[in-house]
file data.txt (compact mmCIF, C-alpha atoms)
# COMPACT_ATOMS: atom_id res chain seq x y z
CA MET A 937 -82.73 239.79 83.37
CA GLU A 938 -79.31 241.00 84.43
CA GLU A 939 -76.52 239.91 82.09
CA LYS A 940 -74.00 237.59 83.68
CA VAL A 941 -70.49 238.96 84.01
CA SER A 942 -67.64 237.12 82.29
CA SER A 943 -65.27 235.57 84.79
CA ILE A 944 -62.57 235.14 82.16
CA SER A 945 -62.11 237.18 78.99
CA LEU A 946 -59.26 237.02 76.48
CA ALA A 947 -59.01 239.36 73.49
CA ASN A 948 -56.49 238.74 70.68
CA VAL A 949 -54.04 237.10 73.07
CA ALA A 950 -50.75 235.63 71.87
CA ALA A 951 -48.30 233.87 74.15
CA SER A 952 -44.70 232.82 73.62
CA TYR A 953 -41.70 231.68 75.61
CA ASP A 954 -38.00 232.45 75.46
CA ASN A 955 -37.46 230.84 72.04
CA GLY A 956 -39.75 233.49 70.55
CA SER A 957 -42.22 231.23 68.73
CA ASP A 958 -45.89 231.61 69.64
CA VAL A 959 -47.56 228.84 71.63
CA LEU A 960 -50.95 230.55 71.30
CA THR A 961 -52.03 233.08 68.67
CA ASP A 962 -55.01 235.44 68.41
CA VAL A 963 -56.97 233.78 71.22
CA SER A 964 -60.30 235.46 72.02
CA PHE A 965 -63.15 234.13 74.15
CA ASN A 966 -65.41 234.97 77.07
CA ILE A 967 -66.36 232.52 79.79
CA THR A 968 -69.42 233.44 81.82
CA GLY A 969 -69.20 233.09 85.59
CA GLY A 970 -70.59 229.87 87.03
CA THR A 971 -69.87 227.62 84.04
CA ILE A 972 -67.78 224.47 83.54
CA TYR A 973 -65.62 223.91 80.48
CA PHE A 974 -63.41 221.07 79.36
CA LEU A 975 -60.10 222.13 77.78
CA THR A 976 -58.79 219.70 75.16
CA GLY A 977 -56.08 219.46 72.55
CA PRO A 978 -52.99 217.44 71.62
CA SER A 979 -50.07 217.22 74.01
CA GLY A 980 -47.98 220.36 73.69
CA ALA A 981 -50.80 222.35 72.08
CA GLY A 982 -50.81 224.98 74.82
CA LYS A 983 -53.40 223.87 77.38
CA THR A 984 -51.08 224.47 80.33
CA THR A 985 -49.99 227.79 78.85
CA LEU A 986 -53.60 228.95 78.62
CA LEU A 987 -54.23 228.03 82.26
CA ARG A 988 -51.04 229.83 83.30
CA LEU A 989 -52.18 232.94 81.43
CA ILE A 990 -55.50 232.95 83.25
CA TYR A 991 -53.84 232.38 86.63
CA GLN A 992 -51.36 235.17 85.92
CA LEU A 993 -48.28 232.96 85.95
CA HIS A 994 -47.45 233.97 82.37
CA LYS A 995 -47.92 237.29 80.63
CA PRO A 996 -49.35 237.50 77.10
CA ARG A 997 -47.07 238.75 74.33
CA THR A 998 -49.98 240.68 72.86
CA GLY A 999 -53.68 241.08 73.61
CA GLN A 1000 -55.69 241.69 76.74
CA ILE A 1001 -56.82 239.45 79.60
CA LYS A 1002 -59.64 240.32 81.98
CA ILE A 1003 -60.43 238.37 85.14
CA PHE A 1004 -63.64 239.30 87.01
CA GLY A 1005 -63.93 242.26 84.63
CA LYS A 1006 -60.49 243.67 85.54
CA ILE A 1007 -57.71 244.09 82.98
CA THR A 1008 -54.70 242.16 84.28
CA ASN A 1009 -51.96 243.12 81.82
CA ASN A 1010 -50.46 245.92 83.91
CA MET A 1011 -51.47 244.79 87.38
CA SER A 1012 -48.96 245.16 90.18
CA ARG A 1013 -47.68 242.13 92.08
CA ASP A 1014 -49.96 242.97 95.02
CA GLU A 1015 -52.97 243.28 92.74
CA ILE A 1016 -52.23 239.90 91.18
CA THR A 1017 -51.86 238.37 94.65
CA ASP A 1018 -55.29 239.70 95.60
CA LEU A 1019 -56.75 238.38 92.35
CA ARG A 1020 -55.35 234.90 92.96
CA LYS A 1021 -57.08 234.74 96.33
CA LYS A 1022 -60.28 234.18 94.34
CA MET A 1023 -58.73 231.50 92.14
CA ALA A 1024 -57.15 228.08 92.55
CA ILE A 1025 -55.11 225.95 90.20
CA VAL A 1026 -54.41 222.22 90.20
CA PHE A 1027 -51.10 221.57 88.48
CA GLN A 1028 -50.41 218.43 86.47
CA GLU A 1029 -47.20 217.88 88.45
CA TYR A 1030 -49.05 218.23 91.82
CA SER A 1031 -46.74 220.97 93.22
CA LEU A 1032 -46.98 219.60 96.75
CA LEU A 1033 -44.41 220.48 99.41
CA SER A 1034 -42.60 217.23 100.15
CA HIS A 1035 -41.45 218.26 103.65
CA LEU A 1036 -45.02 218.93 104.80
CA SER A 1037 -47.64 216.34 105.71
CA VAL A 1038 -50.74 215.83 103.58
CA PHE A 1039 -52.72 217.72 106.24
CA ASP A 1040 -50.34 220.67 106.19
CA ASN A 1041 -50.27 220.79 102.38
CA VAL A 1042 -54.06 221.10 102.29
CA ALA A 1043 -54.09 223.56 105.20
CA LEU A 1044 -51.46 225.82 103.63
CA PRO A 1045 -53.80 228.15 101.66
CA LEU A 1046 -56.01 228.56 104.74
CA ARG A 1047 -53.01 229.52 106.86
CA VAL A 1048 -51.85 231.99 104.21
CA ARG A 1049 -55.29 233.60 104.48
CA GLY A 1050 -54.96 233.85 108.26
CA MET A 1051 -57.61 231.33 109.30
CA SER A 1052 -57.37 230.20 112.91
CA GLU A 1053 -55.83 226.81 113.63
CA SER A 1054 -59.00 225.66 115.38
CA LYS A 1055 -61.02 226.25 112.21
CA ILE A 1056 -58.35 224.62 110.07
CA ARG A 1057 -58.43 221.53 112.29
CA ALA A 1058 -62.19 221.37 111.75
CA LEU A 1059 -62.17 221.90 107.98
CA VAL A 1060 -59.18 220.02 106.55
CA PRO A 1061 -60.30 216.52 107.66
CA LYS A 1062 -63.62 217.01 105.87
CA VAL A 1063 -62.10 217.63 102.48
CA LEU A 1064 -59.51 214.87 103.00
CA ASP A 1065 -62.31 212.43 103.80
CA TRP A 1066 -64.19 213.53 100.70
CA VAL A 1067 -61.27 212.76 98.39
CA GLY A 1068 -60.71 209.47 100.20
CA LEU A 1069 -57.46 210.39 101.93
CA GLY A 1070 -58.53 210.96 105.53
CA LYS A 1071 -56.28 208.21 106.85
CA TYR A 1072 -53.25 209.68 105.07
CA ALA A 1073 -53.36 213.08 106.79
CA ASP A 1074 -50.04 212.53 108.59
CA GLU A 1075 -48.20 211.03 105.62
CA LYS A 1076 -45.72 212.93 103.47
CA PRO A 1077 -46.67 213.32 99.79
CA LEU A 1078 -43.83 211.14 98.50
CA ALA A 1079 -45.24 208.20 100.49
CA LEU A 1080 -48.39 208.34 98.33
CA SER A 1081 -49.09 207.11 94.83
CA GLY A 1082 -49.31 209.55 91.93
CA GLY A 1083 -53.10 209.36 91.95
CA GLN A 1084 -53.24 210.02 95.69
CA GLN A 1085 -50.90 213.01 95.35
CA GLN A 1086 -53.19 214.39 92.65
CA ARG A 1087 -56.16 214.14 95.01
CA VAL A 1088 -54.18 216.01 97.70
CA SER A 1089 -53.52 218.74 95.14
CA VAL A 1090 -57.24 218.93 94.32
CA ALA A 1091 -58.15 219.04 98.03
CA ARG A 1092 -55.76 221.94 98.58
CA ALA A 1093 -57.32 223.84 95.67
CA ILE A 1094 -60.98 223.37 96.53
CA ILE A 1095 -60.77 224.01 100.27
CA ILE A 1096 -60.63 227.78 99.71
CA GLN A 1097 -63.90 227.72 97.74
CA PRO A 1098 -62.41 229.63 94.79
CA SER A 1099 -64.52 231.62 92.33
CA ILE A 1100 -62.39 230.22 89.49
CA LEU A 1101 -60.84 226.74 89.51
CA LEU A 1102 -58.28 225.78 86.86
CA ALA A 1103 -57.34 222.11 86.69
CA ASP A 1104 -54.53 220.76 84.49
CA GLU A 1105 -55.23 217.06 83.83
CA PRO A 1106 -56.52 216.41 87.38
CA THR A 1107 -57.79 212.95 86.42
CA GLY A 1108 -54.70 211.93 84.45
CA ASN A 1109 -53.43 209.52 87.12
CA LEU A 1110 -56.84 208.32 88.32
CA ASP A 1111 -58.93 205.32 87.32
CA ASP A 1112 -62.44 205.91 85.97
CA ASP A 1113 -64.08 205.56 89.39
CA ASN A 1114 -61.91 208.15 91.07
CA ALA A 1115 -61.94 210.41 87.99
CA SER A 1116 -65.73 210.44 88.14
CA ARG A 1117 -65.67 211.02 91.90
CA LEU A 1118 -63.62 214.16 91.32
CA MET A 1119 -65.98 215.26 88.56
CA GLU A 1120 -68.90 214.94 90.97
CA LEU A 1121 -66.99 217.09 93.46
CA PHE A 1122 -66.34 219.75 90.81
CA ILE A 1123 -70.03 219.74 89.84
CA GLN A 1124 -71.09 220.13 93.48
CA MET A 1125 -68.65 223.00 93.83
CA ASN A 1126 -70.08 224.65 90.73
CA LYS A 1127 -73.67 224.26 91.93
CA MET A 1128 -73.09 225.35 95.53
CA PHE A 1129 -70.85 228.35 94.93
CA GLY A 1130 -71.14 229.15 91.22
CA THR A 1131 -67.47 228.33 90.72
CA THR A 1132 -66.21 228.78 87.17
CA ILE A 1133 -64.20 225.68 86.24
CA ILE A 1134 -61.84 224.97 83.34
CA LEU A 1135 -60.65 221.37 83.35
CA ALA A 1136 -57.93 220.28 80.93
CA THR A 1137 -58.26 216.61 80.05
CA HIS A 1138 -57.53 213.90 77.49
CA ASN A 1139 -60.20 211.64 79.02
CA LYS A 1140 -62.76 211.17 76.23
CA ASN A 1141 -64.95 209.11 78.54
CA LEU A 1142 -65.39 212.08 80.88
CA ILE A 1143 -66.05 214.48 78.00
CA GLU A 1144 -68.71 212.20 76.54
CA THR A 1145 -70.29 211.50 79.92
CA TYR A 1146 -70.42 215.02 81.32
CA LYS A 1147 -71.81 217.14 78.52
CA PHE A 1148 -70.00 220.38 79.26
CA PRO A 1149 -68.86 222.73 76.50
CA VAL A 1150 -65.33 222.25 75.21
CA LEU A 1151 -62.50 224.65 74.49
CA HIS A 1152 -60.16 222.98 72.01
CA ILE A 1153 -56.60 224.11 71.31
CA GLU A 1154 -54.90 223.15 68.08
CA ASN A 1155 -52.43 224.91 65.77
CA ARG A 1156 -52.03 227.71 68.34
CA HIS A 1157 -55.72 228.65 68.23
CA VAL A 1158 -58.59 228.09 70.68
CA ASN A 1159 -62.05 227.17 69.42
CA PHE A 1160 -65.39 226.28 71.01
CA VAL A 1161 -66.11 222.86 69.53
CA THR A 1162 -68.99 221.57 71.67
CA LYS A 1163 -71.97 223.23 73.26
CA SER A 1164 -74.50 221.01 75.00
CA ASP A 1165 -77.70 222.13 76.66
CA THR A 1166 -77.91 218.87 78.59
CA PRO A 1167 -78.49 219.76 82.27
CA GLN A 1168 -75.69 218.71 84.58
CA THR A 1169 -78.15 216.78 86.72
CA THR A 1170 -78.98 214.43 83.83
CA ALA A 1171 -75.40 213.54 82.98
CA LYS A 1172 -74.67 209.84 83.14
CA LYS A 1173 -72.35 209.02 86.01
CA LEU A 1174 -69.36 206.73 85.73
CA TRP A 1175 -68.79 206.29 89.44
CA LYS A 1176 -70.50 203.14 90.72
CA GLY A 1177 -69.71 203.54 94.41
CA PRO A 1178 -71.94 205.02 97.13
CA ALA A 1179 -73.24 208.51 96.38
CA PRO A 1180 -70.57 210.95 97.58
CA LYS A 1181 -71.50 213.24 100.43
CA ASN A 1182 -72.02 216.81 99.39
CA TYR A 1183 -68.80 218.15 100.84
CA PHE A 1184 -69.67 221.73 100.04
CA THR A 1185 -73.00 221.62 101.83
CA GLU A 1186 -71.20 220.21 104.85
CA LEU A 1187 -68.43 222.77 104.55
CA SER A 1188 -70.89 225.65 104.47
CA LYS A 1189 -72.54 224.33 107.63
CA GLN A 1190 -69.14 223.80 109.19
CA PHE A 1191 -68.20 227.44 108.65
CA ASP A 1192 -71.40 228.41 110.45
CA ASP A 1193 -70.88 225.90 113.24
CA ILE A 1194 -67.29 226.88 113.99
CA GLY A 1195 -67.75 230.61 113.50
CA ASN A 1196 -67.37 231.23 117.21
CA ILE A 1197 -64.41 228.93 117.80

call {"tool": "encode", "arguments": {"input": "data.txt", "output": "structure tokens"}}
result
Amino acid sequence: MEEKVSSISLANVAASYDNGSDVLTDVSFNITGGTIYFLTGPSGAGKTTLLRLIYQLHKPRTGQIKIFGKITNNMSRDEITDLRKKMAIVFQEYSLLSHLSVFDNVALPLRVRGMSESKIRALVPKVLDWVGLGKYADEKPLALSGGQQQRVSVARAIIIQPSILLADEPTGNLDDDNASRLMELFIQMNKMFGTTIILATHNKNLIETYKFPVLHIENRHVNFVTKSDTPQTTAKKLWKGPAPKNYFTELSKQFDDIGNI
């Protein structure tokens, strides 16, 4: 059997900011492609810093980072841009553009990639419907609640079908029903496309319900603290509403259907 390639590999990584003190120290781990991990730890422990390191928004003070088997430490700006085309990140603070509509915020990464407007018009409503925001397509982000803005941020990230998805507290402003709905979406994404997902969270209910392995940050170090062999399909579900449509199955068909538009 062919050995799976690590999507994310850190070796003896330390990270610091302008004050000089390390936020993370001697961090080493490998994450195999196509897996889902929770990222936990106290507030201020370095969860966001770790995600920023992986997404190449912050450089390590020491150590080596590999993404898709490529060493990133000395990559050029253009090389990093190309690398990020295969990744998406959901920021805790949403990072939406307030002057653009919800539709245009979600469409932005598709436009950056040069997709035709006809295809964008076909695809964006599907993902907005999936996250329950179809009727808000023409609204500006500041007209929405915090939880709704978070779902717009998630929609913008997943629409590009990234190989790696990094999510910084994506359920932090959501109730249990909507938090579980997003988890089901992430699981579908993982199953359909083999997306590697790291999801930072404080939600113990989600961690106990969805038995994914856990990366835990504390005292500047990262440790694997949980490893469950429970299949994803047997995980208890929190969401009590109607079974969500498999957005990714529909999206794959949609790409085929609109290929000649």

call {"tool": "closest_residue", "arguments": {"input": "data.txt", "among": "A:Leu1121, A:Ala1024, A:Leu1080, A:Pro1098", "to": "Ile990 (chain A)", "atoms": "only C-alpha atoms"}}
result
A:Ala1024

call {"tool": "closest_residue", "arguments": {"input": "data.txt", "among": "A:Glu1029, A:Glu1053, A:Asp1113, A:Ser1034", "to": "Gln1086 (chain A)", "atoms": "only C-alpha atoms"}}
result
A:Glu1029

call {"tool": "closest_residue", "arguments": {"input": "data.txt", "among": "A:Asp1111, A:Asp954, A:Asp1018, A:Asp1065", "to": "His994 (chain A)", "atoms": "only C-alpha atoms"}}
result
A:Asp954

call {"tool": "atom_distance", "arguments": {"input": "data.txt", "atom1": "CA of Gln1085 (chain A)", "atom2": "CA of Met1125 (chain A)"}}
result
20.4 Å

call {"tool": "closest_residue", "arguments": {"input": "data.txt", "among": "A:Tyr973, A:Phe965, A:Phe1027, A:Tyr953", "to": "Asn1159 (chain A)", "atoms": "only C-alpha atoms"}}
result
A:Phe965

call {"tool": "residues_around", "arguments": {"input": "data.txt", "residues": "Ala1115 (chain A)", "least_positions_apart": "4", "cutoff": "9 Å", "atoms": "all atoms listed in the file", "output": "PyMOL selection string"}}
result
chain A and resi 1106-1111+1119-1120+1142+1174-1175

call {"tool": "axis_aligned_box", "arguments": {"input": "data.txt", "around": "region 1067-1070 of chain A", "padding_each_side": "6 Å", "output": "lines of an AutoDock Vina configuration file"}}
result
center_x = -59.4
center_y = 211.1
center_z = 102.0
size_x = 15.8
size_y = 15.3
size_z = 19.1

call {"tool": "atom_distance", "arguments": {"input": "data.txt", "atom1": "CA of Ile1016 (chain A)", "atom2": "CA of Ala981 (chain A)"}}
result
26.0 Å

call {"tool": "closest_residue", "arguments": {"input": "data.txt", "among": "A:Ile1153, A:Leu1019, A:Ile1133, A:Ile1007", "to": "Ser979 (chain A)", "atoms": "only C-alpha atoms"}}
result
A:Ile1153

call {"tool": "closest_atom_pairs", "arguments": {"input": "data.txt", "of": "region 1066-1110 of chain A", "to": "region 1040-1044 of chain A", "cutoff": "9 Å", "atoms": "all atoms listed in the file", "output": "CSV"}}
result
residue,atom,partner,partner_atom,distance
A:Ala1073,CA,A:Asp1040,CA,8.2
A:Asp1074,CA,A:Asp1040,CA,8.5
A:Pro1077,CA,A:Asn1041,CA,8.7
A:Val1088,CA,A:Val1042,CA,6.9
A:Ser1089,CA,A:Val1042,CA,7.5
A:Val1090,CA,A:Val1042,CA,8.9
A:Ala1091,CA,A:Val1042,CA,6.3
A:Arg1092,CA,A:Val1042,CA,4.2
A:Ala1093,CA,A:Val1042,CA,7.9
A:Ile1095,CA,A:Val1042,CA,7.6

call {"tool": "write_last_selection", "arguments": {"input": "data.txt", "atoms": "C-alpha atoms", "output": "JSON list (two decimals), in the frame of the given file"}}
result
[["chain", "number", "residue", "atom", "x", "y", "z"],
["A", 1073, "ALA", "CA", -53.36, 213.08, 106.79],
["A", 1074, "ASP", "CA", -50.04, 212.53, 108.59],
["A", 1077, "PRO", "CA", -46.67, 213.32, 99.79],
["A", 1088, "VAL", "CA", -54.18, 216.01, 97.70],
["A", 1089, "SER", "CA", -53.52, 218.74, 95.14],
["A", 1090, "VAL", "CA", -57.24, 218.93, 94.32],
["A", 1091, "ALA", "CA", -58.15, 219.04, 98.03],
["A", 1092, "ARG", "CA", -55.76, 221.94, 98.58],
["A", 1093, "ALA", "CA", -57.32, 223.84, 95.67],
["A", 1095, "ILE", "CA", -60.77, 224.01, 100.27]]

call {"tool": "residues_around", "arguments": {"input": "data.txt", "residues": "Asn966 (chain A)", "least_positions_apart": "2", "cutoff": "8 Å", "atoms": "all atoms listed in the file", "output": "list in words"}}
result
Ser942, Ser943, Ile944, Ser945, Leu946, Ser964 and Thr968 of chain A

call {"tool": "residues_near_point", "arguments": {"input": "data.txt", "point": "(-49.5, 227.7, 70.6)", "cutoff": "9 Å", "atoms": "only C-alpha atoms", "output": "number ranges by chain"}}
result
A: 950-952, 957-961, 980-983, 985, 1153-1157

call {"tool": "write_last_selection", "arguments": {"input": "data.txt", "atoms": "C-alpha atoms", "output": "PDB file, in the frame of the given file"}}
result
ATOM      1  CA  ALA A 950     -50.750 235.630  71.870  1.00  0.00           C
ATOM      2  CA  ALA A 951     -48.300 233.870  74.150  1.00  0.00           C
ATOM      3  CA  SER A 952     -44.700 232.820  73.620  1.00  0.00           C
ATOM      4  CA  SER A 957     -42.220 231.230  68.730  1.00  0.00           C
ATOM      5  CA  ASP A 958     -45.890 231.610  69.640  1.00  0.00           C
ATOM      6  CA  VAL A 959     -47.560 228.840  71.630  1.00  0.00           C
ATOM      7  CA  LEU A 960     -50.950 230.550  71.300  1.00  0.00           C
ATOM      8  CA  THR A 961     -52.030 233.080  68.670  1.00  0.00           C
ATOM      9  CA  GLY A 980     -47.980 220.360  73.690  1.00  0.00           C
ATOM     10  CA  ALA A 981     -50.800 222.350  72.080  1.00  0.00           C
ATOM     11  CA  GLY A 982     -50.810 224.980  74.820  1.00  0.00           C
ATOM     12  CA  LYS A 983     -53.400 223.870  77.380  1.00  0.00           C
ATOM     13  CA  THR A 985     -49.990 227.790  78.850  1.00  0.00           C
ATOM     14  CA  ILE A1153     -56.600 224.110  71.310  1.00  0.00           C
ATOM     15  CA  GLU A1154     -54.900 223.150  68.080  1.00  0.00           C
ATOM     16  CA  ASN A1155     -52.430 224.910  65.770  1.00  0.00           C
ATOM     17  CA  ARG A1156     -52.030 227.710  68.340  1.00  0.00           C
ATOM     18  CA  HIS A1157     -55.720 228.650  68.230  1.00  0.00           C
TER      19      HIS A1157
END

call {"tool": "atom_distance", "arguments": {"input": "data.txt", "atom1": "CA of Met1128 (chain A)", "atom2": "CA of Leu1064 (chain A)"}}
result
18.7 Å

call {"tool": "residues_around", "arguments": {"input": "data.txt", "residues": "Gly1130 (chain A)", "least_positions_apart": "6", "cutoff": "12 Å", "atoms": "all atoms listed in the file", "output": "VMD selection string"}}
result
chain A and resid 940 943 968 to 972 1097 to 1101 1122 to 1124 1184

call {"tool": "closest_residue", "arguments": {"input": "data.txt", "among": "A:Thr976, A:Asn1010, A:Thr998, A:Asn948", "to": "Val1161 (chain A)", "atoms": "all atoms listed in the file"}}
result
A:Thr976
